[in-house]
Amino acid sequence: MYEFYPYFTNDGSVGLYSPADDDIYHSTYGALSEAYEKFVLPANFDEYFKTHNEIKILDICYGIGYNSKSFLNYFLQNFEKKIKALNISIDEIDTDNKFSKIFIKAIDIDKNLIYLSPFIKMDKKIFFNNKINFSHEKISRLLKKDTKRKYKFEKYINIILLKKIIKSFPEIFDDIEFNNLLKSKKYKPYFDKNICRIYEFYKNSGYYKTLKSRFRAYLHNIYYRYISRSYKKALKALKLHDFNFELEINDARKAIKEDYNTYNYIFLDAFTPAKCPCLWTVDFFKLLHKHLEEDGLLLTYSNSASVRNAMIQAGFWTGKIYSKELDKFIGTIGTKKLELIKHGLSEYDLGLINTKAGIVYRDKNLSLDNESIIKVHEKEVSESNLLSSSKFIKLFRKQTK
Ligand SMILES: C[S@@+](CC[C@H](N)C(=O)[O-])C[C@H]1O[C@@H](n2cnc3c(N)ncnc32)[C@H](O)[C@@H]1O
């Protein structure tokens with residue numbers, strides 16, 4: 001039976017644990033906050049939308065959707081501000097003359113995570129992690145806490161997502177494994193009960209047979225205060241945009257090989273290179289390079305020398321992501337235009353790339369499994385004459401004293 005391992009992170013959003021890797025999918029600091037600080041804020045969308053009215057985002061390793069959701073949340077909240085600043089009501093705008101075009105393509109190999117993504121609780125006020133049946137040292141520090149919420153999440157985003165998922169995967173209603181997960185008592189605290197009710201409504205009345213007016217009446221009668229208002233708000237906001245969200249359950253390598261789009265932003269949120277090297281190889285980065293627009297940005301949380309080297313070898317200008325909020329470097333950015341790099345790699349970072357730690361993972365035909373990629377990599381490292389990273393670090397410290 002499929003099992004998943006949810007817990008509450010410090011901002012009240014749900015994170016997941018992977019027993020196979022004894023690792024967490026999301027930072028205990030806050031799953032939503034992490035998505036904001038590692039992807040959405042460094043992407044600098046305010047600047048982007050000054051010169052573009054169209055955006056295409058590739059969300060690799062969608063999981064339970066924090067990166068796409070955070071983008072939508074940020075976009076819709078800021079778009080509203082823009083409308084208010086223009087001093088016009090949303091109703092006054094000619095909706096045929098759409099403000100912008102949004103396209104998100106999101107990929108994950110795990111069907112259940114994609115299906116569960118709209119149900120996940122995003123803003124638990126007070127949480128207890130004492131009932132979880134797994135242990136991880138970082139999670140155990142978060143047994144009972146008042147949340148520290150940094151970013152307000154608009155619940156209507158989950159309603160929009162649920163509808164997209166039902167449309168893309170109508171088989172969801174008959175998927176026994178997924179429906180058992182959703183009904184399981186064990187996981188109930190981690191799901192938003194109102195979204196579960198909307199799902200049940202569609203399941204019982206048939207999504208395509210349900211008239212929009214009936215759905216609205218349903219929301220109006222039962223959850224008027226909570227959902228109906230925010231749902232209407234979302235519909236109004238989205239009417240102003242040409243919004244297309246494509247989700248694919250697949251190995252990201254295969255999905256992207258078969259995709260012909262180019263993207264303004266690529267979010268790469270795979271497990272670490274040691275665990276999932278197939279999404280960090282020089283060959284995968286070459287594929288991503290082909291899918292990036294000329295002024296596009298690839299963003300990832302990884303600071304690994306091997307990843308940076310793979311990006312450079314694949315043809316990217318490569319730099320670091322600096323977080324103002326955390327006052328530190330939190331990842332790596334790749335572009336096709338040097339002037340888009342705000343924080344270049346330092347002498348130290350470049351030195352590290354030229355050690356054994358910088359040796360790249362390879363997967364020429366984008367088809368090897370992770371174990372095989374690791375084996376080839378280990379062999380290349382053991383046969384290499386390059387300095388080890390520890391020797392380099394010692395030398396570097398000596399020279400710069
Ligand atoms: C660190 S988690 C990503 C978390 C995610 N961004 C979220 O908001 O929940 C890594 C994800 O990679 C997915 N994954 C692992 N191997 C993959 C592959 N070859 N192709 C696509 N997705 C993969 C896993 O299912 C998992 O959801």
# chains A, B, ... in the order shown; residues from 1 in each chain; ligands from 1
call {"tool": "residues_near_ligand", "arguments": {"ligand": "ligand 1", "cutoff": "8 Å", "atoms": "only C-alpha atoms and all ligand atoms", "output": "ChimeraX atom specification"}}
result
/A:15-16,24-26,31,35,59-68,107-110,113,117,249-253,269-272,276,278-279
call {"tool": "closest_residue", "arguments": {"among": "A:Glu347, A:Glu380, A:Glu177, A:Asp363", "to": "Ile393 of chain A", "atoms": "only C-alpha atoms"}}
result
A:Glu347
call {"tool": "closest_residue", "arguments": {"among": "A:Arg308, A:Lys356, A:Lys38, A:Lys193", "to": "Ser389 of chain A", "atoms": "only C-alpha atoms"}}
result
A:Lys356
call {"tool": "closest_residue", "arguments": {"among": "A:Pro19, A:Pro277, A:Pro118, A:Pro170", "to": "Ile195 of chain A", "atoms": "only C-alpha atoms"}}
result
A:Pro118
call {"tool": "atom_distance", "arguments": {"atom1": "atom CA of Phe49 of chain A", "atom2": "atom CA of Ile256 of chain A"}}
result
25.5 Å
call {"tool": "closest_residue", "arguments": {"among": "A:Asn385, A:Gln399, A:Thr335, A:Ser302", "to": "Thr318 of chain A", "atoms": "only C-alpha atoms"}}
result
A:Thr335
call {"tool": "closest_residue", "arguments": {"among": "A:Gln77, A:Tyr2, A:Phe396, A:Ser33", "to": "Asp349 of chain A", "atoms": "only C-alpha atoms"}}
result
A:Phe396
call {"tool": "residues_around", "arguments": {"residues": "Leu181 of chain A", "least_positions_apart": "2", "cutoff": "9 Å", "atoms": "only C-alpha atoms", "output": "VMD selection string"}}
result
chain A and resid 2 to 4 112 116 176 to 179 183 to 187
call {"tool": "write_last_selection", "arguments": {"atoms": "C-alpha atoms", "output": "mmCIF file, in the first residue's frame"}}
result
data_model
loop_
_atom_site.group_PDB
_atom_site.id
_atom_site.type_symbol
_atom_site.label_atom_id
_atom_site.label_comp_id
_atom_site.auth_asym_id
_atom_site.auth_seq_id
_atom_site.Cartn_x
_atom_site.Cartn_y
_atom_site.Cartn_z
ATOM 1 C CA TYR A 2 1.187 3.496 -0.847
ATOM 2 C CA GLU A 3 2.171 5.401 2.275
ATOM 3 C CA PHE A 4 3.159 8.952 2.676
ATOM 4 C CA ASN A 112 -0.433 10.390 -5.675
ATOM 5 C CA LEU A 116 -3.090 15.195 -3.312
ATOM 6 C CA ILE A 176 -8.733 3.290 -5.355
ATOM 7 C CA GLU A 177 -5.260 3.946 -3.976
ATOM 8 C CA PHE A 178 -5.690 7.714 -4.052
ATOM 9 C CA ASN A 179 -9.254 7.679 -2.706
ATOM 10 C CA LYS A 183 -10.278 8.974 3.271
ATOM 11 C CA SER A 184 -7.667 7.621 5.658
ATOM 12 C CA LYS A 185 -8.138 8.842 9.250
ATOM 13 C CA LYS A 186 -4.383 8.923 9.668
ATOM 14 C CA TYR A 187 -3.939 11.673 7.073
#
call {"tool": "residues_around", "arguments": {"residues": "Leu72 of chain A", "least_positions_apart": "2", "cutoff": "10 Å", "atoms": "only C-alpha atoms", "output": "number ranges by chain"}}
result
A: 40, 66-70, 74-78, 102, 104, 153-154, 157
call {"tool": "write_last_selection", "arguments": {"atoms": "N, CA and C atoms", "output": "short mmCIF file (atom, residue, chain, number, x, y, z; two decimals), in the first residue's frame"}}
result
data_model
loop_
_atom_site.label_atom_id
_atom_site.label_comp_id
_atom_site.auth_asym_id
_atom_site.auth_seq_id
_atom_site.Cartn_x
_atom_site.Cartn_y
_atom_site.Cartn_z
N VAL A 40 10.25 31.80 -5.77
CA VAL A 40 9.39 32.91 -6.20
C VAL A 40 10.06 34.28 -6.00
N TYR A 66 4.16 23.09 -4.09
CA TYR A 66 4.42 24.39 -3.45
C TYR A 66 4.97 25.45 -4.39
N ASN A 67 5.81 25.05 -5.34
CA ASN A 67 6.44 26.08 -6.17
C ASN A 67 5.44 26.72 -7.14
N SER A 68 4.63 25.89 -7.78
CA SER A 68 3.60 26.44 -8.67
C SER A 68 2.56 27.23 -7.88
N LYS A 69 2.16 26.68 -6.73
CA LYS A 69 1.15 27.36 -5.91
C LYS A 69 1.68 28.72 -5.44
N SER A 70 2.94 28.75 -5.04
CA SER A 70 3.50 30.01 -4.54
C SER A 70 3.57 31.04 -5.64
N TYR A 74 1.53 34.49 -5.39
CA TYR A 74 2.24 35.76 -5.50
C TYR A 74 1.64 36.58 -6.65
N PHE A 75 1.44 35.91 -7.75
CA PHE A 75 0.94 36.60 -8.94
C PHE A 75 -0.44 37.20 -8.69
N LEU A 76 -1.35 36.37 -8.16
CA LEU A 76 -2.71 36.86 -7.99
C LEU A 76 -2.79 37.95 -6.91
N GLN A 77 -2.02 37.80 -5.83
CA GLN A 77 -2.04 38.84 -4.80
C GLN A 77 -1.50 40.15 -5.35
N ASN A 78 -0.44 40.07 -6.11
CA ASN A 78 0.17 41.31 -6.61
C ASN A 78 -0.61 41.90 -7.75
N ILE A 102 -0.66 33.05 -18.88
CA ILE A 102 0.15 32.28 -17.93
C ILE A 102 0.10 30.81 -18.35
N ILE A 104 1.77 27.15 -17.07
CA ILE A 104 2.64 26.39 -16.16
C ILE A 104 2.61 24.94 -16.61
N PHE A 153 -1.45 32.61 2.30
CA PHE A 153 -1.83 31.79 1.15
C PHE A 153 -3.31 31.95 0.88
N GLU A 154 -3.66 32.23 -0.39
CA GLU A 154 -5.06 32.38 -0.78
C GLU A 154 -5.63 31.00 -1.06
N ILE A 157 -6.58 29.21 -4.48
CA ILE A 157 -5.60 28.60 -5.39
C ILE A 157 -5.79 27.08 -5.38
#
call {"tool": "select_by_dssp", "arguments": {"residues": "segment 242-321 of chain A", "states": "helix (DSSP H, G or I)", "output": "PyMOL selection string"}}
result
chain A and resi 252-257+277-279+282-290+305-313
call {"tool": "write_last_selection", "arguments": {"atoms": "N, CA and C atoms", "output": "PDB file, in the first residue's frame"}}
result
ATOM      1  N   ALA A 252      10.723  13.207 -15.422  1.00  0.00           N
ATOM      2  CA  ALA A 252      10.907  14.544 -15.999  1.00  0.00           C
ATOM      3  C   ALA A 252      11.757  14.499 -17.270  1.00  0.00           C
ATOM      4  N   ARG A 253      12.704  13.570 -17.347  1.00  0.00           N
ATOM      5  CA  ARG A 253      13.568  13.503 -18.538  1.00  0.00           C
ATOM      6  C   ARG A 253      12.729  13.185 -19.767  1.00  0.00           C
ATOM      7  N   LYS A 254      11.839  12.217 -19.599  1.00  0.00           N
ATOM      8  CA  LYS A 254      11.013  11.779 -20.724  1.00  0.00           C
ATOM      9  C   LYS A 254      10.022  12.897 -21.099  1.00  0.00           C
ATOM     10  N   ALA A 255       9.407  13.467 -20.082  1.00  0.00           N
ATOM     11  CA  ALA A 255       8.390  14.502 -20.341  1.00  0.00           C
ATOM     12  C   ALA A 255       9.009  15.683 -21.087  1.00  0.00           C
ATOM     13  N   ILE A 256      10.212  16.090 -20.687  1.00  0.00           N
ATOM     14  CA  ILE A 256      10.809  17.292 -21.293  1.00  0.00           C
ATOM     15  C   ILE A 256      11.363  16.970 -22.687  1.00  0.00           C
ATOM     16  N   LYS A 257      11.855  15.741 -22.857  1.00  0.00           N
ATOM     17  CA  LYS A 257      12.326  15.339 -24.191  1.00  0.00           C
ATOM     18  C   LYS A 257      11.192  15.454 -25.215  1.00  0.00           C
ATOM     19  N   PRO A 277      20.400  11.574  -8.919  1.00  0.00           N
ATOM     20  CA  PRO A 277      21.345  12.191  -9.861  1.00  0.00           C
ATOM     21  C   PRO A 277      20.786  12.329 -11.281  1.00  0.00           C
ATOM     22  N   CYS A 278      19.763  11.521 -11.626  1.00  0.00           N
ATOM     23  CA  CYS A 278      19.262  11.580 -13.017  1.00  0.00           C
ATOM     24  C   CYS A 278      18.741  12.968 -13.391  1.00  0.00           C
ATOM     25  N   LEU A 279      18.381  13.787 -12.382  1.00  0.00           N
ATOM     26  CA  LEU A 279      17.885  15.132 -12.714  1.00  0.00           C
ATOM     27  C   LEU A 279      18.946  16.222 -12.475  1.00  0.00           C
ATOM     28  N   VAL A 282      24.847  16.440 -16.554  1.00  0.00           N
ATOM     29  CA  VAL A 282      25.183  17.439 -17.567  1.00  0.00           C
ATOM     30  C   VAL A 282      24.244  17.282 -18.764  1.00  0.00           C
ATOM     31  N   ASP A 283      23.827  16.051 -19.030  1.00  0.00           N
ATOM     32  CA  ASP A 283      22.957  15.793 -20.187  1.00  0.00           C
ATOM     33  C   ASP A 283      21.544  16.333 -19.950  1.00  0.00           C
ATOM     34  N   PHE A 284      21.071  16.225 -18.713  1.00  0.00           N
ATOM     35  CA  PHE A 284      19.750  16.780 -18.407  1.00  0.00           C
ATOM     36  C   PHE A 284      19.798  18.309 -18.491  1.00  0.00           C
ATOM     37  N   PHE A 285      20.895  18.892 -18.005  1.00  0.00           N
ATOM     38  CA  PHE A 285      21.007  20.358 -18.097  1.00  0.00           C
ATOM     39  C   PHE A 285      21.086  20.820 -19.554  1.00  0.00           C
ATOM     40  N   LYS A 286      21.702  19.984 -20.419  1.00  0.00           N
ATOM     41  CA  LYS A 286      21.734  20.359 -21.855  1.00  0.00           C
ATOM     42  C   LYS A 286      20.312  20.403 -22.399  1.00  0.00           C
ATOM     43  N   LEU A 287      19.503  19.443 -21.956  1.00  0.00           N
ATOM     44  CA  LEU A 287      18.102  19.419 -22.390  1.00  0.00           C
ATOM     45  C   LEU A 287      17.366  20.662 -21.871  1.00  0.00           C
ATOM     46  N   LEU A 288      17.629  21.013 -20.622  1.00  0.00           N
ATOM     47  CA  LEU A 288      16.959  22.191 -20.048  1.00  0.00           C
ATOM     48  C   LEU A 288      17.404  23.473 -20.762  1.00  0.00           C
ATOM     49  N   HIS A 289      18.673  23.510 -21.152  1.00  0.00           N
ATOM     50  CA  HIS A 289      19.194  24.680 -21.856  1.00  0.00           C
ATOM     51  C   HIS A 289      18.377  24.927 -23.130  1.00  0.00           C
ATOM     52  N   LYS A 290      18.051  23.843 -23.818  1.00  0.00           N
ATOM     53  CA  LYS A 290      17.256  23.973 -25.059  1.00  0.00           C
ATOM     54  C   LYS A 290      15.850  24.475 -24.769  1.00  0.00           C
ATOM     55  N   ALA A 305      28.933  21.740  -6.174  1.00  0.00           N
ATOM     56  CA  ALA A 305      29.937  22.074  -7.196  1.00  0.00           C
ATOM     57  C   ALA A 305      29.681  21.246  -8.463  1.00  0.00           C
ATOM     58  N   SER A 306      29.264  20.012  -8.281  1.00  0.00           N
ATOM     59  CA  SER A 306      28.996  19.145  -9.425  1.00  0.00           C
ATOM     60  C   SER A 306      27.821  19.683 -10.262  1.00  0.00           C
ATOM     61  N   VAL A 307      26.788  20.154  -9.569  1.00  0.00           N
ATOM     62  CA  VAL A 307      25.617  20.713 -10.273  1.00  0.00           C
ATOM     63  C   VAL A 307      26.034  21.977 -11.026  1.00  0.00           C
ATOM     64  N   ARG A 308      26.789  22.836 -10.349  1.00  0.00           N
ATOM     65  CA  ARG A 308      27.217  24.092 -11.006  1.00  0.00           C
ATOM     66  C   ARG A 308      28.092  23.789 -12.224  1.00  0.00           C
ATOM     67  N   ASN A 309      28.971  22.817 -12.072  1.00  0.00           N
ATOM     68  CA  ASN A 309      29.832  22.451 -13.194  1.00  0.00           C
ATOM     69  C   ASN A 309      28.989  21.900 -14.360  1.00  0.00           C
ATOM     70  N   ALA A 310      28.004  21.064 -14.025  1.00  0.00           N
ATOM     71  CA  ALA A 310      27.132  20.494 -15.069  1.00  0.00           C
ATOM     72  C   ALA A 310      26.392  21.612 -15.801  1.00  0.00           C
ATOM     73  N   MET A 311      25.946  22.617 -15.047  1.00  0.00           N
ATOM     74  CA  MET A 311      25.224  23.736 -15.679  1.00  0.00           C
ATOM     75  C   MET A 311      26.160  24.507 -16.612  1.00  0.00           C
ATOM     76  N   ILE A 312      27.394  24.749 -16.141  1.00  0.00           N
ATOM     77  CA  ILE A 312      28.361  25.490 -16.972  1.00  0.00           C
ATOM     78  C   ILE A 312      28.661  24.687 -18.243  1.00  0.00           C
ATOM     79  N   GLN A 313      28.928  23.394 -18.065  1.00  0.00           N
ATOM     80  CA  GLN A 313      29.245  22.545 -19.233  1.00  0.00           C
ATOM     81  C   GLN A 313      28.061  22.444 -20.207  1.00  0.00           C
TER      82      GLN A 313
END
call {"tool": "residues_around", "arguments": {"residues": "segment 261-263 of chain A", "least_positions_apart": "4", "cutoff": "8 Å", "atoms": "only C-alpha atoms", "output": "list in words"}}
result
Ile55, Lys56, Ile57, Leu58, Lys290, His291, Leu292, Glu293 and Gly296 of chain A
